[in-house]
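See structure below.
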There are 2 protein chains.
Amino acid sequence: MSASASASPSTSAGPAGGRRPAPRRPSGIAVDAMGGDYAPREVVRGAVQAARETGTRITLVGRSPELLSLLAEDDATSEVTVVHAEDILAMHEGALASWRRPRSSVAVGCKLVRQGEVGALVSAGSTGGVVATSTVRLRTQSGVLRPALAVVLPTQPTPTVLLDAGANADAKPEMLVQFAHLGAAYAHTAHGITEPRVGILTIGSEPGKGNRLARKAAELLAATAEGPPALDFRGNIEGSDLLSGEVDVVVTDGFTGNVALKSVEGAVQFAFAQMSAALGGTRMARLGTVLQRGPLRELRERMNSETYGGAILLGLNGTVVLAHGASHAQGVARACALAGDLVQGRIVDQVRQRVHAAGRSATRRQRRATPE
Amino acid sequence: MSASASASPSTSAGPAGGRRPAPRRPSGIAVDAMGGDYAPREVVRGAVQAARETGTRITLVGRSPELLSLLAEDDATSEVTVVHAEDILAMHEGALASWRRPRSSVAVGCKLVRQGEVGALVSAGSTGGVVATSTVRLRTQSGVLRPALAVVLPTQPTPTVLLDAGANADAKPEMLVQFAHLGAAYAHTAHGITEPRVGILTIGSEPGKGNRLARKAAELLAATAEGPPALDFRGNIEGSDLLSGEVDVVVTDGFTGNVALKSVEGAVQFAFAQMSAALGGTRMARLGTVLQRGPLRELRERMNSETYGGAILLGLNGTVVLAHGASHAQGVARACALAGDLVQGRIVDQVRQRVHAAGRSATRRQRRATPE
């Protein structure tokens with residue numbers, strides 16, 4: 001297996017500061033075939049679907065004999081490569097297991113990214129295990145304090161990125177400022193938003209509201225927003241605004257972000273269930289539901305997390321896309337398509353450029369503040 | 001105006017430890033007539049409705065001439081008392097305004113509670129302003145570290161209490177343990193649950209997950225759950241479980257609680273809006289919606305925050321119920337009914353007993369841990 005050149009090397013922007021040689025830009029994607037509630041069957045099917053639909057070069061990582069036989073069932077042995085990994089990170093295993101399992105499919109997938117064989121890793125495995133393994137194996141990008149888990153909320157007309165959604169339960173204000181840059185790079189690369197609006201998740205809409213962390217982070221964001229790199233910082237965002245599309249990027253610590261995300265997921269499910277119960281109550285209402293079958297099915301699909309391809313771990317030397325644990329083939333295929341777009345859009349370079357520019361601005365500000 | 005005796009003095013349990021004489025137990029309720037988006041018109045109407053429906057003695061606090069003329073419009077001058085307060089805490093004013101406005105309707109309402117003229121205060125005013133004013137004027141109950149704002153989530157078959165929903169943005173683990181007791185006292189008094197199940201809001205379902213605060217608080221809760229007073233501590237609860245009814249009380253800090261609550265509110269609204277948009281799309285779907293009008297209206301009403309009467313500030317020397325700022329008469333009346341139930345159920349005594357018993361247990365544990 002050899003790494004192919006990037007699909008569009010001619011548009012390559014140099015790395016931050018132009019000080020290093022441009023790294024090789026692999027375009028393929030490694031897929032952890034053993035992670036997820038329906039692995040490996042649905043993961044293999046999703047990988048094949050992605051290869052056929054997008055033309056992306058896919059490498060399945062996992063127990064080779066099993067994977068080859070599943071590929072044979074789909075007549076796809078020639079379309080998708082397999083790399084063997086003997087071990088599996090189980091769905092119930094958390095962050096510590098990643099240390100105990102250096103030969104897990106996630107660890108081997110990370111190795112392919114590190115070696116430049118592929119540009120990204122897709123996994124539907126346990127979030128804690130995948131985040132820990134890839135943080136250890138891919139390492140944090142130079143200048144990045146902590147990687148952050150970004151999720152995409154189904155706002156209209158463009159989606160909203162929420163980060164950190166759980167990678168760092170205890171964060172510092174400086175990390176939240178970096179998350180803003182990571183999120184802005186993502187909104188730019190994945191959603192084509194040239195000047196993403198950034199908000200900080202807190203309580204109360206006026207400046208100065210929130211806990212110590214949010215207040216300090218909001219201050220830092222306001223003070224550094226002029227850049228470079230410039231941030232269109234819009235101040236405080238409340239939980240009720242998460243789905244209103246008021247901003248393109250919502251910044252928070254991993255604890256608050258995860259609670260907020262799961263609260264939203266639970267509430268949407270609750271609302272649908274209540275609605276179904278209410279509409280199943282009377283014969284007239286049931287008849288009404290039959291007439292609505294089409295639009296309701298469409299809506300459910302749109303709200304379904306599979307449609308959004310899961311979460312993205314930003315700030316590492318390589319792109320990691322986490323598909324939902326309950327992903328079927330469709331969800332895995334979408335995660336592969338997203339990973340392909342991020343590799344094409346050079347998200348890792350975008351993050352590096354932003355973070356380095358912010359670092360240089362901070363140094364300049366400090367020098368101005370303390371003249372000799 | 002004189003305070004009447006409690007409706008059921010014979011069932012009175014002595015105060016914690018039986019060391020103090022039982023305080024006078026006023027049964028009436030003060031209503032801040034000037035707080036809320038539709039004050040004073042809708043507040044006056046709601047107060048009159050509550051007086052008529054529940055027979056509770058209501059005292060409206062605010063600009064006397066205006067209130068008397070509104071009461072005259074409703075032919076209710078003889079049914080509801082008015083106490084004058086010249087100043088108003090505006091909806092946009094936060095915690096600091098409470099210091100600047102000692103003659104606000106909220107401050108005067110608190111004075112009536114303190115003087116024993118009434119047992120509770122109801123306000124639809126700004127949450128920050130009402131929480132700050134009542135904390136200063138009513139003072140925290142003996143042994144209580146911080147008052148907490150409790151909200152009631154519409155789970156089935158019984159509601160779930162979430163606290164703190166915003167009174168303490170930065171909390172300590174010991175506070176969260178007390179919030180568990182405050183919440184248990186509330187679930188017992190307001191929902192008749194004799195042994196409320198308590199969970200802590202965090203990320204991840206296994207013990208040891210979460211940020212530093214949640215991890216430490218979970219440890220303390222597990223260590224002290226045997227009591228007295230006993231707590232049926234069920235461990236970690238995730239954002240997605242908030243509406244599942246798995247526990248009766250969810251404990252968290254005020255920052256996380258407020259973000260979670262608003263995320264739930266926003267997501268439910270979003271789901272309804274998406275549903276409406278989907279169902280308005282085709283002619284058949286619109287016809288279906290017409291057939292469902294009855295059940296959908298019922299559901300919206302049940303999900304409506306007015307139905308739940310707002311939030312409750314627990315841990316003060318007196319009961320404070322915060323109606324939703326956008327409350328119409330119905331919402332104010334529900335808040336008054338809830339306040340009446342809490343006064344009848346002696347919530348302040350319940351909290352005192354639990355907190356004092358927990359304090360004594362902690363002292364005993366400490367003595368056992370450090371023998372001479």
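Residues in the structure tokens are numbered from 1 in each chain, the chains being A, B, ... in the order shown, and ligands are numbered from 1 in the order shown.
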
I need the residues of range 64-129 of chain A that end up classed as strand (DSSP E) by DSSP on the backbone, written out as JSON, numbers by chain. {"A": [81, 82, 83, 84, 120, 121, 122, 123]}

Using DSSP secondary structure from the backbone, list all alpha helix (DSSP H) positions within range 160-327 of chain A, as a PyMOL selection string.
chain A and resi 173-191+212-224+254-279+283-291+293-303

If you count only C-alpha atoms, the residue of A:Gln330, A:Ser361, A:Gln156, A:Thr224 closest to chain B turns out to be A:Gln156

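Excluding Val348 in chain B itself and any same-chain residue fewer than 3 positions from it, the protein and nucleic acid residues within 9 Å of it, counting only C-alpha atoms, are B:Gln141, B:Ala185, B:Leu314, B:Gly315, B:Leu316, B:Asn317, B:Gly318, B:Thr319, B:Leu342, B:Val343, B:Gly345, B:Val351, B:Arg352, B:Gln353.
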
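Using only C-alpha atoms, the protein and nucleic acid residues lying no more than 10 Å from Asp37 in chain A, apart from those fewer than 5 places from it along its own chain, are Glu42, Val43, Ala90, Met91, Ala124, Gly125, Ser126, His324, Gly325, Ala326, Ser327 and His328 of chain A.
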
request  = Identify, on the basis of only C-alpha atoms, every residue whose closest approach to Leu243 in chain A does not exceed 8 Å; exclude the query and any residue fewer than 4 positions from it along the same chain; express the result as number ranges by chain.
outcome  = A: 153-155, 160; B: 266-267, 270

Would you list the contacts of Ala362 in chain A as a PyMOL selection string, taking every protein, DNA or RNA residue within 10 Å and counting only C-alpha atoms, but skipping same-chain residues closer than 4 positions in sequence?
chain A and resi 224+227-228+356-358+366-368

Could the residues in this selection be written to a file with N, CA, C and O atoms, as a CSV table (one decimal), in the first residue's frame?
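Printed below is out-v3.csv as written:
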```csv
chain,number,residue,atom,x,y,z
A,224,THR,N,-8.7,39.3,22.2
A,224,THR,CA,-7.8,38.8,21.1
A,224,THR,C,-8.6,38.7,19.7
A,224,THR,O,-8.0,38.3,18.7
A,227,GLY,N,-7.3,39.8,16.2
A,227,GLY,CA,-6.3,38.9,15.6
A,227,GLY,C,-5.0,39.6,15.4
A,227,GLY,O,-4.7,40.5,16.1
A,228,PRO,N,-4.2,39.1,14.4
A,228,PRO,CA,-4.5,37.9,13.6
A,228,PRO,C,-4.3,36.6,14.4
A,228,PRO,O,-3.4,36.6,15.2
A,356,HIS,N,-0.7,29.1,15.2
A,356,HIS,CA,0.6,29.7,15.2
A,356,HIS,C,0.4,31.2,15.1
A,356,HIS,O,1.1,32.0,15.8
A,357,ALA,N,-0.5,31.7,14.2
A,357,ALA,CA,-0.7,33.1,14.1
A,357,ALA,C,-1.2,33.7,15.4
A,357,ALA,O,-0.8,34.8,15.8
A,358,ALA,N,-2.1,33.0,16.1
A,358,ALA,CA,-2.6,33.5,17.4
A,358,ALA,C,-1.5,33.5,18.4
A,358,ALA,O,-1.4,34.5,19.2
A,366,GLN,N,2.2,40.8,24.3
A,366,GLN,CA,2.9,40.8,25.6
A,366,GLN,C,4.1,41.7,25.5
A,366,GLN,O,4.3,42.4,26.5
A,367,ARG,N,4.8,41.8,24.4
A,367,ARG,CA,5.9,42.7,24.2
A,367,ARG,C,5.5,44.1,24.4
A,367,ARG,O,6.1,44.9,25.0
A,368,ARG,N,4.3,44.4,23.7
A,368,ARG,CA,3.8,45.8,23.8
A,368,ARG,C,3.4,46.2,25.2
A,368,ARG,O,3.6,47.3,25.7
```

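Nearest to chain A of all the residues B:His181, B:Lys209, B:His188, B:His84 is B:Lys209, counting only C-alpha atoms.
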
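Between chain A and the residues B:Leu89, B:Ala277, B:Leu71, B:Val113, the shortest atom-to-atom distance, using only C-alpha atoms, involves B:Ala277.
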
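For Leu213 in chain A, the residues within 9 Å (counting only C-alpha atoms, excluding itself and residues fewer than 5 positions away along the chain) are Ala171, Lys172, Pro173, Leu176, Ala218 and Asp253 of chain A.
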
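Across A:Phe233, A:Asn258, A:Asp341, A:Gly109, the tightest approach to Gly192 in chain A is made by A:Asp341 when counting only C-alpha atoms.
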